[in-house]
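Report on one structure; see the data block that follows.
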There are 2 protein chains.
Amino acid sequence: MHDTQNPLPKSYCDACAIRNRAICADLDEREIALLNGIGRRRKLSAGEQLMWEGDEAVLVANVIEGVLKLSSHSADGKEQILGLVYPSDFLGRPFGKTSPYGVEALTDAHICVFERTDFDRFAREHPRLEHKLLERTLSELDRTRRWMLLLGRMNAEQKVASFLLEMAERLGTNQASGPETTVSLPLSRQQIADVLGLTIETVSRQLTRLRGAGAIDLPSRREIVLRDTADLESRAG
Amino acid sequence: MHDTQNPLPKSYCDACAIRNRAICADLDEREIALLNGIGRRRKLSAGEQLMWEGDEAVLVANVIEGVLKLSSHSADGKEQILGLVYPSDFLGRPFGKTSPYGVEALTDAHICVFERTDFDRFAREHPRLEHKLLERTLSELDRTRRWMLLLGRMNAEQKVASFLLEMAERLGTNQASGPETTVSLPLSRQQIADVLGLTIETVSRQLTRLRGAGAIDLPSRREIVLRDTADLESRAG
DNA sequence: CGTCTGCTTGATAATACTCAATTACCGTGG
DNA sequence: CCACGGTAATTGAGTATTATCAAGCAGACG
């Protein structure tokens, strides 16, 4: 699969699904070839842990396919999901000694991994890459801060409605002709609770209420149909 | 105050209190002079608003002196403080159209401001600066995510204890000989509540409880003495 | 010295949590 | 294909924590 013996291989990055959306987007042929030389692909199964909270930060990666979660645990063992990572997103902590969060695949996933030290060196030598990484990190910080507002100042209904709208935006598939959006959740109820800072029971009750109000439909555990987006938006605050 | 007419002025950055801690730390004489040319100093009074949530992001800045808050409001008007900004910290949203949060000085402050577009251009032309900015943004993201754990999974006592310990680390002055730390708060009770995602009454009650337990002392509204750090740490979880 | 604002304290209500029981779903093996 | 078992999700009852509303207090400042 690798052509790393060839000094300037026609890299497989060309065939990469996220070639034009990930941080490598602005790199030229030569740079891509070099980056290709220090990276490798890796498959993860749903539930597989890639990194542990507090561990040495040995690797970083681009997500090619699948969804992963970043999470941390409070002293009394409660989990808080700090972020979800989707295809074309960057993963890991460059220029850092330890990973401040654990990383686990929520679905089967493909990632393109680099030794952190290799990546750090490459980044420092290629400002265009570092710039992309900066822009991404700044956006991620904005997104994270928006989530702080949710965690600190929203009630359960607002949290759940906001969550559904965000998931729909990320993963939603619009049914032909209709205004309805179906979301195939990569998260269990417990994981939704861990995203929102709630308990599983509260999430369940809120979903039931929203179904009762006709705002959503729950055809199966992992599927949610958004029937009335306007209603959800007004509930989200 | 400015020497911007002189092509390569002996910049006043040399006398800057945060010259070696801010993102400008790694720049050489020539670069500093250029940066000095596009920046200007500005004084802010306590309570003064520098940017508004959602406004066009016209400026960025380095904080020289004082403390500022970043905050956002939920639909029903509740405020959530997203971050506190201290001397040597960077402020604002480079490479972004709008500011995702409001910025207000909590104390009188000195900042070194740049037009965002000027700064963006300078940053793109000077990878060393951009690298510093990236490292800072990554740390800020780590710090913000740690705060998510507090907002999502801690109870009122844990939040208040964590807050006090963090403030002591940032602003604490150790009394000679004793183990006690005194913190001069830049925040009102309401603002503490807005940091922690609580109400002012809950914050007040927790502080009273901690005083009753001998963990802290409250000599005045804006001063808190940490008497028993170990106790606070165990309460913080 | 009085007023104003910010903080504290108290009483009550609402929200979300905990614990417990039941139901639904999904994969497995017969 | 259906029955079974195990896990995940829902529902219910009761409790705890925090928010809300209201009153009182105190320190800052004119």
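Starting from 1 in every chain, residues are counted up; chains themselves are A, B, ... following the order of the structure tokens, and ligands are numbered from 1 as listed.
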
As a PyMOL selection string, please: every residue in stretch 8-235 of chain B that a backbone DSSP assignment puts in helix (DSSP H, G or I). chain B and resi 12-15+23-26+29-38+116-125+127-153+156-171+189-196+200-212+229-235

At most 8 Å to chain A: residues in chain B, only C-alpha atoms, as a ChimeraX atom specification: /B:72-76,78-80,82,93,95,100,124,127,130-131,133-135,137-138,140-142,144-145,147-149,151-154,196-198,237

How would the residues just picked look written out with N, CA and C atoms as a tab-separated table (two decimals), in the first residue's frame?
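Below you can see selection-v7.tsv, which holds the result:
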```tsv
chain	number	residue	atom	x	y	z
B	72	SER	N	-20.68	35.03	26.08
B	72	SER	CA	-21.73	34.82	25.11
B	72	SER	C	-23.05	34.71	25.85
B	73	HIS	N	-24.14	34.97	25.16
B	73	HIS	CA	-25.45	34.95	25.81
B	73	HIS	C	-26.35	33.90	25.17
B	74	SER	N	-27.10	33.19	26.00
B	74	SER	CA	-28.07	32.24	25.47
B	74	SER	C	-29.29	33.01	24.99
B	75	ALA	N	-30.15	32.29	24.26
B	75	ALA	CA	-31.32	32.94	23.67
B	75	ALA	C	-32.16	33.66	24.73
B	76	ASP	N	-32.26	33.07	25.92
B	76	ASP	CA	-33.07	33.68	26.97
B	76	ASP	C	-32.26	34.66	27.83
B	78	LYS	N	-29.29	34.62	29.34
B	78	LYS	CA	-28.32	34.28	30.36
B	78	LYS	C	-26.91	34.35	29.79
B	79	GLU	N	-26.00	34.84	30.60
B	79	GLU	CA	-24.62	34.98	30.13
B	79	GLU	C	-23.78	33.76	30.53
B	80	GLN	N	-22.87	33.40	29.65
B	80	GLN	CA	-21.87	32.40	29.99
B	80	GLN	C	-20.51	32.98	29.65
B	82	LEU	N	-16.89	32.58	28.66
B	82	LEU	CA	-16.22	31.51	27.90
B	82	LEU	C	-14.75	31.44	28.21
B	93	ARG	N	-10.13	37.13	17.17
B	93	ARG	CA	-10.32	36.01	16.27
B	93	ARG	C	-9.65	36.29	14.93
B	95	PHE	N	-8.25	35.60	11.22
B	95	PHE	CA	-8.76	34.83	10.08
B	95	PHE	C	-10.24	34.53	10.20
B	100	PRO	N	-17.04	35.55	17.69
B	100	PRO	CA	-18.04	34.64	18.25
B	100	PRO	C	-18.39	34.95	19.71
B	124	ARG	N	0.67	35.71	8.22
B	124	ARG	CA	0.90	34.82	7.09
B	124	ARG	C	2.31	34.99	6.53
B	127	PRO	N	5.98	33.05	9.64
B	127	PRO	CA	5.60	31.74	10.19
B	127	PRO	C	5.96	31.57	11.67
B	130	GLU	N	3.10	32.89	13.47
B	130	GLU	CA	1.95	32.02	13.30
B	130	GLU	C	2.12	30.74	14.14
B	131	HIS	N	3.33	30.28	14.22
B	131	HIS	CA	3.57	29.10	15.05
B	131	HIS	C	3.27	29.38	16.52
B	133	LEU	N	1.25	31.54	17.65
B	133	LEU	CA	-0.19	31.69	17.75
B	133	LEU	C	-0.87	30.32	17.77
B	134	LEU	N	-0.35	29.42	16.96
B	134	LEU	CA	-0.90	28.06	16.93
B	134	LEU	C	-0.71	27.38	18.29
B	135	GLU	N	0.47	27.50	18.86
B	135	GLU	CA	0.72	26.85	20.15
B	135	GLU	C	-0.21	27.41	21.23
B	137	THR	N	-3.15	28.82	20.70
B	137	THR	CA	-4.52	28.43	20.41
B	137	THR	C	-4.76	26.98	20.85
B	138	LEU	N	-3.76	26.13	20.64
B	138	LEU	CA	-3.88	24.75	21.07
B	138	LEU	C	-3.99	24.65	22.60
B	140	GLU	N	-5.10	26.99	24.56
B	140	GLU	CA	-6.38	27.57	24.92
B	140	GLU	C	-7.51	26.56	24.70
B	141	LEU	N	-7.38	25.79	23.64
B	141	LEU	CA	-8.38	24.75	23.37
B	141	LEU	C	-8.36	23.70	24.46
B	142	ASP	N	-7.17	23.31	24.90
B	142	ASP	CA	-7.07	22.35	26.02
B	142	ASP	C	-7.73	22.91	27.27
B	144	THR	N	-9.99	25.22	27.52
B	144	THR	CA	-11.43	25.34	27.31
B	144	THR	C	-12.12	23.99	27.47
B	145	ARG	N	-11.47	22.94	26.97
B	145	ARG	CA	-12.08	21.62	27.09
B	145	ARG	C	-12.10	21.16	28.54
B	147	TRP	N	-12.56	23.09	30.96
B	147	TRP	CA	-13.69	23.82	31.52
B	147	TRP	C	-15.01	23.16	31.17
B	148	MET	N	-15.07	22.48	30.03
B	148	MET	CA	-16.30	21.77	29.65
B	148	MET	C	-16.61	20.67	30.66
B	149	LEU	N	-15.57	20.01	31.13
B	149	LEU	CA	-15.76	18.95	32.13
B	149	LEU	C	-16.38	19.56	33.38
B	151	LEU	N	-18.21	22.35	33.58
B	151	LEU	CA	-19.59	22.78	33.32
B	151	LEU	C	-20.55	21.61	33.20
B	152	GLY	N	-20.07	20.53	32.59
B	152	GLY	CA	-20.97	19.43	32.31
B	152	GLY	C	-21.13	18.43	33.43
B	153	ARG	N	-20.09	18.26	34.22
B	153	ARG	CA	-20.11	17.13	35.14
B	153	ARG	C	-19.82	17.44	36.60
B	154	MET	N	-19.63	18.71	36.95
B	154	MET	CA	-19.37	19.00	38.37
B	154	MET	C	-20.58	19.62	39.05
B	196	LEU	N	-19.16	29.83	36.01
B	196	LEU	CA	-19.39	28.46	36.47
B	196	LEU	C	-20.72	27.87	36.02
B	197	GLY	N	-21.53	28.67	35.36
B	197	GLY	CA	-22.84	28.17	34.97
B	197	GLY	C	-23.73	27.93	36.16
B	198	LEU	N	-23.70	28.88	37.12
B	198	LEU	CA	-24.53	28.79	38.32
B	198	LEU	C	-25.27	30.11	38.50
B	237	GLY	N	-12.56	17.69	43.46
B	237	GLY	CA	-12.68	16.39	42.82
B	237	GLY	C	-11.48	16.08	41.95
```

Tell me as a VMD selection string which residues belonging to chain B come within 8 Å of chain C, counting only C-alpha atoms (C1' of nucleotides). chain B and resid 189 201 204 to 205

Taking only C-alpha atoms (C1' of nucleotides) into account, report as a list in words which residues of chain D lie within 10 Å of chain A. DA8, DA9, DT10 and DT11 of chain D

Mind checking DSSP for stretch 52-196 of chain A and telling me the strand (DSSP E or B) residues as an NGL selection string? :A and (56 or 59-65 or 68-73 or 79-85 or 90-91 or 98 or 102-105 or 109-115 or 173-174 or 181-184)

When you look at B:Leu171 with a cut-off of 7 Å (counting only C-alpha atoms (C1' of nucleotides)), what residues show up, excluding the ones that are within fewer than 3 positions of it in the same chain? I need them as an MDAnalysis selection string. chainID B and resid 167:168 183

Take the residues just selected and output them with N, CA, C and O atoms as an mmCIF file, in the first residue's frame.
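Contents of again-v1.cif, as written:
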```cif
data_model
loop_
_atom_site.group_PDB
_atom_site.id
_atom_site.type_symbol
_atom_site.label_atom_id
_atom_site.label_comp_id
_atom_site.auth_asym_id
_atom_site.auth_seq_id
_atom_site.Cartn_x
_atom_site.Cartn_y
_atom_site.Cartn_z
ATOM 1 N N MET B 167 -8.071 30.402 40.110
ATOM 2 C CA MET B 167 -7.789 31.826 40.297
ATOM 3 C C MET B 167 -6.529 32.024 41.137
ATOM 4 O O MET B 167 -5.733 32.930 40.891
ATOM 5 N N ALA B 168 -6.361 31.162 42.138
ATOM 6 C CA ALA B 168 -5.174 31.263 42.989
ATOM 7 C C ALA B 168 -3.914 31.013 42.171
ATOM 8 O O ALA B 168 -2.901 31.712 42.328
ATOM 9 N N VAL B 183 -6.255 35.880 46.994
ATOM 10 C CA VAL B 183 -6.620 36.182 45.614
ATOM 11 C C VAL B 183 -7.441 37.465 45.587
ATOM 12 O O VAL B 183 -8.417 37.594 46.322
#
```

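Proximity to stretch 57-62 of chain A at 7 Å, evaluated using only C-alpha atoms (C1' of nucleotides) and with sequence-adjacent residues fewer than 3 positions away removed, yields Ser88, Asp89, Phe90, Leu91, Gly92, Arg93, Pro94, Gly96, Lys97, Thr98, Ser99, Ile111, Cys112, Val113, Phe114, Glu115 and Arg116 of chain A.
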
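With atom CA of A:Glu29 on one side and atom CA of A:Asp14 on the other, the separation reads 9.2 Å.
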
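Between atom CA of B:Val160 and atom CA of B:Leu187 the interatomic distance comes to 13.2 Å.
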
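Of the residues under consideration (A:Glu56, A:Gln206, A:Val225, A:Asn155), A:Val225 shows the shortest atom-to-atom contact distance to A:Gln175 when counting only C-alpha atoms.
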
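A straight line drawn from atom CA of A:Thr181 to atom CA of A:Asp217 is 10.2 Å long.
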